[in-house]
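K.L.:
Got a structure for you, entry.cif, holding mmCIF, C-alpha atoms.
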```
data_protein
loop_
_atom_site.label_atom_id
_atom_site.label_comp_id
_atom_site.auth_asym_id
_atom_site.auth_seq_id
_atom_site.Cartn_x
_atom_site.Cartn_y
_atom_site.Cartn_z
CA MET A 93 -24.37 6.32 77.97
CA THR A 94 -24.07 9.96 78.99
CA SER A 95 -20.25 9.86 78.99
CA ARG A 96 -20.39 8.66 75.38
CA LEU A 97 -22.78 11.49 74.55
CA GLU A 98 -20.61 13.96 76.47
CA ARG A 99 -17.86 13.30 73.95
CA LEU A 100 -20.16 14.70 71.26
CA LEU A 101 -20.15 18.04 73.09
CA ARG A 102 -16.48 18.45 72.19
CA TRP A 103 -17.65 19.53 68.72
CA TYR A 104 -19.22 22.64 70.28
CA PRO A 105 -17.47 25.87 71.36
CA ARG A 106 -16.50 25.95 75.03
CA ALA A 107 -18.76 28.91 75.88
CA TRP A 108 -21.72 27.13 74.27
CA ARG A 109 -20.98 23.93 76.20
CA GLU A 110 -20.88 25.86 79.46
CA ARG A 111 -24.23 27.53 78.75
CA TYR A 112 -26.23 24.77 77.04
CA GLY A 113 -24.19 21.56 77.52
CA GLU A 114 -26.10 20.00 80.41
CA GLU A 115 -29.59 20.61 79.01
CA PHE A 116 -28.47 19.52 75.52
CA LEU A 117 -27.23 16.22 77.00
CA ALA A 118 -30.60 15.82 78.72
CA LEU A 119 -32.31 16.26 75.35
CA LEU A 120 -30.00 13.69 73.72
CA ASP A 121 -30.79 11.26 76.55
CA ASP A 122 -34.54 11.82 76.01
CA GLU A 123 -34.24 11.49 72.24
CA LEU A 124 -32.23 8.27 72.34
CA ALA A 125 -34.15 6.74 75.27
CA GLY A 126 -31.21 4.53 76.28
CA ALA A 127 -30.39 3.38 72.72
CA ARG A 128 -26.91 3.75 71.24
CA ALA A 129 -26.54 6.91 69.11
CA PRO A 130 -26.46 5.91 65.41
CA LEU A 131 -23.64 7.26 63.25
CA THR A 132 -25.92 9.66 61.34
CA PHE A 133 -27.17 11.06 64.66
CA ARG A 134 -23.60 11.66 65.86
CA VAL A 135 -22.60 13.22 62.54
CA LYS A 136 -25.59 15.60 62.70
CA VAL A 137 -24.68 16.64 66.24
CA ALA A 138 -21.05 17.15 65.21
CA LEU A 139 -22.08 19.29 62.23
CA SER A 140 -24.34 21.36 64.47
CA GLY A 141 -21.36 21.86 66.80
CA LEU A 142 -19.21 23.06 63.89
CA ARG A 143 -22.02 25.41 62.86
CA GLU A 144 -21.99 26.84 66.40
CA HIS A 145 -18.25 27.44 65.99
CA GLY A 146 -19.13 29.38 62.83
CA TYR A 147 -21.68 31.48 64.73
CA ALA A 148 -19.31 32.00 67.66
CA SER A 149 -16.52 33.23 65.38
CA GLY A 150 -18.84 35.43 63.29
CA VAL A 151 -18.24 33.40 60.10
CA VAL A 152 -21.95 32.64 59.65
CA GLY A 153 -25.22 34.08 60.95
CA ALA A 154 -27.59 36.60 59.37
CA SER A 155 -28.11 38.37 62.68
CA ALA A 156 -24.40 38.73 63.52
CA SER A 157 -23.19 42.21 64.46
CA VAL A 158 -20.84 44.30 62.30
CA GLU A 159 -17.99 43.48 64.70
CA ALA A 160 -18.76 39.74 64.61
CA ARG A 161 -18.80 39.81 60.79
CA ARG A 162 -15.47 41.66 60.70
CA ARG A 163 -13.95 39.14 63.09
CA GLY A 164 -15.33 36.16 61.16
CA GLY A 165 -14.35 37.58 57.78
CA SER A 166 -10.81 38.36 58.95
CA LEU A 167 -10.46 34.83 60.35
CA LEU A 168 -11.57 33.36 57.01
CA VAL A 169 -8.87 35.41 55.25
CA LEU A 170 -6.28 34.20 57.77
CA VAL A 171 -7.26 30.58 57.08
CA ALA A 172 -7.16 31.30 53.34
CA TRP A 173 -3.64 32.72 53.64
CA ALA A 174 -2.50 29.55 55.42
CA GLY A 175 -3.76 27.63 52.36
CA MET A 176 -1.94 30.10 50.12
CA VAL A 177 1.32 29.43 52.00
CA VAL A 178 0.88 25.70 51.38
CA GLY A 179 0.11 26.31 47.69
CA GLY A 180 3.03 28.75 47.38
CA ALA A 181 5.46 26.27 48.93
CA ALA A 182 4.25 23.57 46.50
CA LEU A 183 4.72 25.98 43.58
CA ALA A 184 8.25 26.88 44.76
CA LYS A 185 9.13 23.17 44.76
CA SER A 186 7.56 22.58 41.32
CA ALA A 187 9.31 25.65 39.86
CA GLU A 188 12.85 24.83 41.04
CA HIS A 189 15.36 25.70 38.26
CA PHE A 190 12.60 26.38 35.71
CA ALA A 191 14.54 29.27 34.14
CA THR A 192 17.41 27.03 33.06
CA ALA A 193 14.96 24.69 31.32
CA MET A 194 13.49 27.48 29.20
CA PRO A 195 14.85 29.04 26.00
CA VAL A 196 16.40 32.45 26.89
CA SER A 197 14.26 34.26 24.30
CA SER A 198 10.95 33.11 25.85
CA ARG A 199 11.87 33.17 29.52
CA ALA A 200 10.79 36.74 30.38
CA GLY A 201 7.03 36.12 30.79
CA ALA A 202 7.43 33.12 33.10
CA GLN A 203 10.16 34.88 35.09
CA LEU A 204 8.01 37.99 35.56
CA ALA A 205 5.00 35.90 36.63
CA TYR A 206 7.14 33.97 39.11
CA ASP A 207 8.64 37.21 40.52
CA VAL A 208 5.10 38.55 41.04
CA VAL A 209 4.17 35.30 42.84
CA VAL A 210 7.15 35.75 45.18
CA ALA A 211 6.44 39.47 45.72
CA ALA A 212 2.73 38.83 46.43
CA GLY A 213 3.71 36.03 48.84
CA VAL A 214 6.13 38.29 50.72
CA VAL A 215 3.65 41.21 50.86
CA GLY A 216 0.79 38.95 52.02
CA THR A 217 2.95 37.36 54.72
CA LEU A 218 4.14 40.79 55.93
CA LEU A 219 0.51 41.97 56.11
CA VAL A 220 -0.47 38.88 58.13
CA GLY A 221 2.54 39.55 60.39
CA LEU A 222 1.45 43.18 60.81
CA GLY A 223 -2.05 41.99 61.75
CA ALA A 224 -0.54 39.68 64.38
CA LEU A 225 1.70 42.49 65.68
CA LEU A 226 -1.27 44.86 66.07
CA ALA A 227 -3.07 42.18 68.07
CA VAL A 228 -0.18 41.61 70.54
CA PRO A 229 -1.43 44.04 73.27
CA THR A 230 -4.91 42.45 73.12
CA VAL A 231 -3.38 38.96 73.33
CA VAL A 232 -1.33 40.03 76.37
CA ARG A 233 -4.48 41.41 78.05
CA MET A 234 -6.30 38.15 77.32
CA LEU A 235 -3.45 36.08 78.81
CA ARG A 236 -3.30 38.31 81.93
CA ARG A 237 -7.01 37.74 82.45
CA GLY A 238 -6.37 34.00 82.61
CA GLY A 239 -7.02 33.16 78.95
CA TRP A 240 -4.00 30.84 78.73
CA SER A 241 -6.01 27.84 79.90
CA ARG A 242 -8.37 28.37 76.96
CA VAL A 243 -5.70 28.61 74.27
CA ARG A 244 -3.12 26.24 75.80
CA PRO A 245 -4.29 22.98 74.13
CA ALA A 246 -4.26 24.50 70.63
CA VAL A 247 -0.92 26.29 71.13
CA SER A 248 0.66 23.17 72.69
CA ARG A 249 -0.42 21.03 69.71
CA ALA A 250 1.05 23.59 67.30
CA LEU A 251 4.32 23.83 69.27
CA ALA A 252 4.67 20.02 69.39
CA ALA A 253 4.09 19.77 65.62
CA SER A 254 6.63 22.58 65.04
CA ALA A 255 9.28 20.82 67.16
CA LEU A 256 8.65 17.52 65.37
CA GLY A 257 8.70 19.30 62.00
CA ALA A 258 12.02 21.05 62.79
CA LEU A 259 13.59 17.72 63.78
CA ALA A 260 12.26 16.00 60.66
CA MET A 261 13.45 18.82 58.38
CA THR A 262 16.93 18.79 59.93
CA GLY A 263 17.14 15.03 59.42
CA LEU A 264 15.90 15.33 55.84
CA GLY A 265 18.39 18.15 55.14
CA LEU A 266 21.32 16.06 56.44
CA TRP A 267 20.15 13.12 54.33
CA ALA A 268 19.76 15.34 51.24
CA HIS A 269 23.40 16.52 51.53
CA ARG A 270 24.56 12.95 51.00
CA LEU A 271 22.46 12.48 47.85
CA SER A 272 23.04 13.62 44.27
CA ALA A 273 20.65 16.07 42.56
CA LEU A 274 19.17 13.13 40.60
CA GLN A 275 18.57 11.11 43.77
CA ARG A 276 16.95 14.11 45.45
CA ASN A 277 14.58 14.64 42.52
CA GLY A 278 12.90 11.26 42.29
CA GLY A 279 15.92 8.95 41.92
CA ASP A 280 15.71 7.71 45.51
CA ALA A 281 12.22 6.37 46.31
CA LEU A 282 12.80 6.23 50.07
CA TYR A 283 13.96 9.86 50.12
CA GLY A 284 10.89 10.78 48.05
CA VAL A 285 8.58 9.18 50.61
CA ALA A 286 10.43 10.91 53.47
CA PHE A 287 10.16 14.24 51.64
CA LEU A 288 6.40 13.80 51.23
CA ALA A 289 6.03 12.85 54.92
CA VAL A 290 7.95 15.98 56.00
CA ALA A 291 5.86 18.11 53.60
CA ALA A 292 2.67 16.63 55.13
CA LEU A 293 4.02 17.43 58.60
CA ALA A 294 4.72 21.01 57.49
CA VAL A 295 1.14 21.34 56.18
CA LEU A 296 -0.18 19.92 59.48
CA THR A 297 1.96 22.41 61.43
CA ILE A 298 0.58 25.33 59.40
CA ALA A 299 -2.96 24.04 59.96
CA LEU A 300 -2.36 23.68 63.73
CA TRP A 301 -0.90 27.20 64.04
CA THR A 302 -3.86 28.57 62.09
CA SER A 303 -6.21 26.69 64.42
CA ALA A 304 -4.29 28.11 67.43
CA ALA A 305 -4.64 31.63 65.97
CA VAL A 306 -8.40 31.13 65.47
CA THR A 307 -8.77 29.85 69.06
CA THR A 308 -6.74 32.81 70.37
CA VAL A 309 -8.87 35.31 68.45
CA GLY A 310 -11.98 33.60 69.88
CA ALA A 311 -10.67 34.19 73.42
CA MET A 312 -9.80 37.87 72.79
CA ASP A 313 -11.91 40.91 73.50
CA ILE A 314 -11.08 42.91 70.36
CA SER A 315 -11.78 46.65 70.20
CA PRO A 316 -13.79 48.03 67.24
CA THR A 317 -10.72 50.07 66.15
CA LEU A 318 -8.50 46.99 66.03
CA LEU A 319 -11.24 45.07 64.20
CA ARG A 320 -11.44 47.81 61.57
CA ALA A 321 -7.65 47.69 61.10
CA GLU A 322 -7.64 43.87 60.90
CA SER A 323 -10.50 43.96 58.37
CA ALA A 324 -8.59 46.43 56.17
CA LEU A 325 -5.49 44.21 56.38
CA ALA A 326 -7.64 41.17 55.51
CA GLY A 327 -8.81 42.98 52.37
CA ALA A 328 -5.20 43.71 51.37
CA VAL A 329 -4.15 40.10 52.10
CA SER A 330 -7.00 38.88 49.87
CA ALA A 331 -5.78 41.16 47.07
CA ALA A 332 -2.27 39.67 47.48
CA ALA A 333 -3.82 36.17 47.38
CA ALA A 334 -5.66 37.02 44.14
CA LEU A 335 -2.48 38.41 42.55
CA LEU A 336 -0.50 35.37 43.69
CA THR A 337 -3.04 32.93 42.25
CA VAL A 338 -3.35 34.69 38.89
CA SER A 339 0.45 35.00 38.59
CA ALA A 340 0.91 31.30 39.42
CA LEU A 341 -1.56 30.43 36.66
CA VAL A 342 0.24 32.72 34.19
CA TRP A 343 3.57 31.11 35.17
CA TRP A 344 2.16 27.62 34.45
CA ILE A 345 0.78 28.76 31.08
CA GLU A 346 4.07 30.42 30.08
CA VAL A 347 6.21 27.41 31.02
CA ALA A 348 3.71 25.01 29.39
CA ARG A 349 3.82 27.12 26.24
CA TYR A 350 7.60 27.42 25.85
CA ALA A 351 9.05 24.55 27.89
CA PRO A 352 6.48 21.74 28.36
CA TRP A 353 9.32 19.25 28.90
CA PHE A 354 10.11 20.99 32.22
CA PHE A 355 7.08 19.40 33.93
CA GLN A 356 8.15 15.89 32.85
CA GLY A 357 11.79 16.40 33.86
CA ALA A 358 12.82 15.72 30.23
CA ALA A 359 15.68 17.30 28.29
CA PRO A 360 14.98 20.71 26.66
CA GLY A 361 13.39 20.38 23.24
CA THR A 362 11.78 17.00 24.00
CA ALA A 363 8.11 16.72 22.93
CA ALA A 364 6.06 16.52 26.13
CA THR A 365 2.61 17.24 27.53
CA PRO A 366 2.32 20.50 29.50
CA TRP A 367 -0.05 18.77 31.96
CA SER A 368 1.34 18.51 35.45
CA THR A 369 -0.63 16.83 38.23
CA PRO A 370 1.39 18.52 41.03
CA MET A 371 0.75 21.91 39.38
CA ALA A 372 -2.96 21.12 39.00
CA LEU A 373 -3.13 20.23 42.73
CA THR A 374 -1.19 23.39 43.61
CA MET A 375 -3.61 25.53 41.57
CA ALA A 376 -6.57 23.75 43.18
CA VAL A 377 -5.22 24.60 46.67
CA MET A 378 -4.62 28.22 45.63
CA LEU A 379 -8.05 28.64 44.01
CA ALA A 380 -9.81 27.06 47.01
CA SER A 381 -7.87 29.37 49.35
CA LEU A 382 -8.73 32.37 47.18
CA ALA A 383 -12.41 31.39 47.31
CA VAL A 384 -12.23 31.30 51.13
CA ALA A 385 -10.50 34.71 51.14
CA VAL A 386 -13.20 36.17 48.88
CA GLY A 387 -15.80 34.67 51.24
CA GLY A 388 -14.04 36.46 54.11
CA VAL A 389 -14.04 39.80 52.31
CA ILE A 390 -17.75 39.39 51.48
CA ARG A 391 -18.43 38.61 55.15
CA ILE A 392 -16.59 41.78 56.23
CA ALA A 393 -18.40 43.87 53.60
CA SER A 394 -21.78 42.38 54.60
CA GLY A 395 -21.34 44.04 58.01
CA ARG A 396 -21.07 47.42 56.36
CA LEU A 397 -24.14 46.73 54.19
CA ALA A 398 -26.19 45.41 57.13
CA ARG A 399 -25.49 48.53 59.21
CA MET B 270 -44.82 51.27 64.59
CA VAL B 271 -43.87 48.31 62.37
CA THR B 272 -41.33 45.99 63.97
CA PRO B 273 -38.81 44.74 61.40
CA THR B 274 -38.96 40.95 61.07
CA PRO B 275 -35.82 39.39 62.61
CA PRO B 276 -33.70 37.72 59.87
CA LEU B 277 -34.09 34.31 61.48
CA LEU B 278 -37.90 34.36 61.13
CA ARG B 279 -38.19 34.84 57.38
CA ARG B 280 -39.50 31.47 56.18
CA PRO B 281 -42.57 29.70 57.56
CA ASN B 282 -40.74 26.39 58.10
CA ASP B 283 -37.67 27.94 59.77
CA PRO B 284 -36.91 26.22 63.09
CA PRO B 285 -36.86 29.53 65.06
CA LEU B 286 -40.37 30.38 63.84
CA LEU B 287 -41.64 26.87 64.64
CA LEU B 288 -40.15 27.12 68.14
CA LEU B 289 -41.67 30.56 68.80
CA THR B 290 -45.02 29.18 67.68
CA SER B 291 -44.62 26.25 70.04
CA LEU B 292 -43.60 28.45 72.97
CA ALA B 293 -46.57 30.75 72.37
CA SER B 294 -48.71 28.10 74.08
CA GLY B 295 -46.50 28.04 77.18
CA PRO B 296 -42.97 27.19 78.41
CA LYS B 297 -41.44 23.91 77.23
CA HIS B 298 -38.09 22.13 77.49
CA GLY B 299 -36.15 20.75 74.53
CA TYR B 300 -37.80 17.35 74.19
CA ALA B 301 -41.30 18.78 74.64
CA LEU B 302 -40.52 21.35 71.93
CA LEU B 303 -39.40 18.61 69.51
CA LYS B 304 -42.60 16.65 70.06
CA ASP B 305 -44.86 19.73 69.84
CA VAL B 306 -43.29 20.94 66.57
CA GLN B 307 -43.57 17.43 65.15
CA GLY B 308 -47.24 17.41 66.14
CA PHE B 309 -48.43 20.74 64.74
CA ALA B 310 -46.03 21.16 61.76
CA GLY B 311 -44.99 17.61 60.90
CA VAL B 312 -41.36 18.75 61.04
CA THR B 313 -38.79 16.60 62.84
CA LEU B 314 -36.02 18.82 64.18
CA SER B 315 -32.69 17.23 65.10
CA PRO B 316 -31.38 18.04 68.61
CA GLY B 317 -28.53 20.08 67.05
CA THR B 318 -30.93 22.13 64.93
CA LEU B 319 -33.25 22.65 67.90
CA TYR B 320 -30.50 23.95 70.17
CA GLY B 321 -28.96 26.04 67.39
CA ALA B 322 -32.34 27.77 66.96
CA LEU B 323 -32.83 28.13 70.74
CA THR B 324 -29.36 29.74 70.97
CA ARG B 325 -30.18 32.30 68.23
CA LEU B 326 -33.61 33.06 69.74
CA GLU B 327 -32.15 33.60 73.19
CA GLU B 328 -29.33 35.79 71.80
CA GLN B 329 -31.96 38.00 70.19
CA GLY B 330 -34.04 38.17 73.36
CA LEU B 331 -37.05 36.47 71.75
CA ILE B 332 -37.10 33.66 74.32
CA GLU B 333 -35.66 33.21 77.82
CA PRO B 334 -34.90 30.27 80.08
CA VAL B 335 -37.20 29.54 83.00
CA ALA B 336 -35.42 28.91 86.32
CA SER B 337 -35.35 25.16 86.94
CA ASP B 338 -33.42 22.71 89.12
CA GLU B 339 -33.78 19.96 86.54
CA ARG B 340 -31.40 19.12 83.71
CA ARG B 341 -34.24 19.78 81.28
CA ARG B 342 -34.39 23.57 81.21
CA PRO B 343 -37.70 25.03 79.98
CA TYR B 344 -37.89 28.16 77.81
CA ARG B 345 -40.63 30.76 77.47
CA ILE B 346 -41.38 33.38 74.84
CA THR B 347 -40.57 37.02 75.78
CA ALA B 348 -42.58 40.16 74.96
CA SER B 349 -40.20 40.81 72.03
CA GLY B 350 -40.76 37.23 70.89
CA VAL B 351 -44.53 37.71 70.98
CA ALA B 352 -44.20 40.95 68.96
CA ALA B 353 -41.92 39.26 66.40
CA LEU B 354 -44.23 36.25 66.08
CA ARG B 355 -47.27 38.54 65.68
CA GLU B 356 -45.44 40.50 62.95
CA VAL B 357 -44.53 37.34 61.01
CA THR B 358 -48.04 35.91 61.44
CA ASN B 359 -49.62 39.12 60.07
CA GLU B 360 -47.22 39.04 57.12
CA MET B 361 -48.13 35.42 56.39
CA ARG B 362 -51.87 36.19 56.71
CA ARG B 363 -51.50 39.06 54.21
CA LEU B 364 -49.62 36.83 51.76
CA SER B 365 -52.16 34.07 52.22
CA LYS B 366 -55.00 36.50 51.37
CA VAL B 367 -53.18 37.62 48.20
CA SER B 368 -52.60 33.98 47.18
CA ALA B 369 -56.26 33.07 47.80
CA ALA B 370 -57.49 36.10 45.80
CA ARG B 371 -55.23 35.28 42.84
CA LEU B 372 -56.21 31.63 42.91
CA ARG B 373 -59.84 32.75 42.53
CA LEU B 374 -58.81 34.83 39.48
CA VAL B 375 -57.43 31.73 37.70
CA GLY B 376 -60.55 29.74 38.60
CA GLY B 377 -59.06 27.56 41.33
CA ALA B 378 -60.63 26.98 44.69
CA ALA B 379 -59.11 29.09 47.44
#
```
Would you mind giving the structure from this file in structure tokens?

P.N.:
Amino acid sequence: MTSRLERLLRWYPRAWRERYGEEFLALLDDELAGARAPLTFRVKVALSGLREHGYASGVVGASASVEARRRGGSLLVLVAWAGMVVGGAALAKSAEHFATAMPVSSRAGAQLAYDVVVAAGVVGTLLVGLGALLAVPTVVRMLRRGGWSRVRPAVSRALAASALGALAMTGLGLWAHRLSALQRNGGDALYGVAFLAVAALAVLTIALWTSAAVTTVGAMDISPTLLRAESALAGAVSAAAALLTVSALVWWIEVARYAPWFFQGAAPGTAATPWSTPMALTMAVMLASLAVAVGGVIRIASGRLAR
Amino acid sequence: MVTPTPPLLRRPNDPPLLLLTSLASGPKHGYALLKDVQGFAGVTLSPGTLYGALTRLEEQGLIEPVASDERRRPYRITASGVAALREVTNEMRRLSKVSAARLRLVGGAA
């Protein structure tokens, strides 16, 4: 019975488990009195564990310190940027060769919007990279103090997914070279399925690296100066995310206005609906990521207000 | 000096406030706390909610664990916890008086 309940503790942060795990299990034993834990009971415990992760990382909690709020807010922005990368990659795929499908006279607006998307993506990624670079000495200190055991599972999962993803992308690239442009763009159903599987693997890899970064930050003892710098970078990354999202929306509107046939893969001039399900999903990912980034900035700012 | 009310004790049915109230009558472990809160407030706390609230209360120094060899670790209220509970109770008493007085104004029974 207890071993089954012990598995529920995996939803909680490690430090919490070490401090409260044993007595919490005793409470679960008392509460269940030998009966099997119903699904709703397990879900509630799991959700409580996730909430503790939120408290531990500074993402939630009215009594959290300024430093905890900065850490939590910055982590939210990092997660949001990972979502933005996924959305940006989906947009890049949807927008392939859009310029050639548009009349020359009405291309400028869409081209400008797309260039801003790319520029915002590059700037945001550089800012995230700078944030990671600034944290390197702290990461090294954490590893020297024996922190590797704490971050190893998350980093190993991310490395394994990266290796698998690299293999899958190489295989897909070799396959793509043998296909015509038509076959690559929906003409070959099997290739289409393989492309989607590789894209899903890429999304999973990004998610696992983000999770590894969050775990690493949780194991680090970050100085107030570094936290201030990371918070400022998080604010700038959020601004880049906002610019990227708005520009992507403008790009969709411009292309829908002057070349609606592009989204249906039809010949220029063909009457077509400007609706595009992949673009709608892409915008949904970007808007959700932007909402998370705004939440992160509010969390960082709440520390300043609470002081 | 007026002690500012800790953010986690703002609403009367908040788990941290219910737990402080329960611990005011003496140290208790998790299961005893659940049963006591259920008895005096009619609120059923889930184990996750209970331990989340205990974690926050201990972090803020409002409660502390009592040394025990058993798996069931009891907790007791600290001096800061007593002060915080007294502050919240006084605030609630003041609000209750205002409510009762205004109910009399509209002709209701207080």

K.L.:
Can you turn the PyMOL selection byres ((chain A) within 9 of (chain B)) into a concrete residue list for this file, as a list of chain:residue names?

P.N.:
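Here the PyMOL selection byres ((chain A) within 9 of (chain B)) matches A:Trp108, A:Tyr112, A:Glu114, A:Glu115, A:Phe116, A:Leu117, A:Ala118, A:Leu119, A:Leu120, A:Asp122, A:Glu123, A:Phe133, A:Lys136, A:Val137, A:Ala138, A:Leu139, A:Ser140, A:Gly141, A:Arg143, A:Glu144, A:Gly153, A:Ala154, A:Ser155.
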
K.L.:
Suppose you want the space between CA of Leu168 (chain A) and CA of Ile345 (chain A); what is it in Å?

P.N.:
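Going from CA of Leu168 (chain A) over to CA of Ile345 (chain A), I get 29.1 Å.
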
K.L.:
I'd like the interatomic distance between CA of Pro334 (chain B) and CA of Gly295 (chain B), to a tenth of an Å.

P.N.:
12.2 Å

K.L.:
For the structure shown, which residues end up in the PyMOL selection byres ((chain A and resi 328) around 12)? Put them as number ranges by chain, please?

P.N.:
A: 166, 169-170, 173, 212, 215-220, 222-223, 321-327, 329-335, 385-386, 388-389

K.L.:
Counting all atoms listed in the file, what is within 9 Å of region 281-294 of chain B, bar same-chain residues fewer than 5 positions away, as a PyMOL selection string?

P.N.:
chain B and resi 302-303+305-306+309-310+312+314+318-319+321-323+325-326+331-332+344-346+350-351+354+357+361

K.L.:
Can you turn the PyMOL selection byres ((chain A and resi 198) around 10) into a concrete residue list for this file, as a PyMOL selection string?

P.N.:
chain A and resi 191+194-197+199-203+346-347+349-351

K.L.:
Could you jot down the CA of Arg363 (chain B) to CA of Gly311 (chain B) separation for me, Å, one decimal place?

P.N.:
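Between these atoms lies a distance of 23.4 Å.
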
K.L.:
Using all atoms listed in the file, determine which residues lie at most 9 Å from Arg162 (chain A), disregarding the query and same-chain residues fewer than 5 positions distant; provide the list as a list in words.

P.N.:
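Answer for this query is Gly150, Val151, Ser157, Leu167, Leu319, Arg320, Glu322, Ser323, Gly388, Val389, Arg391, Ile392, Ala393, Ser394 and Gly395 of chain A.
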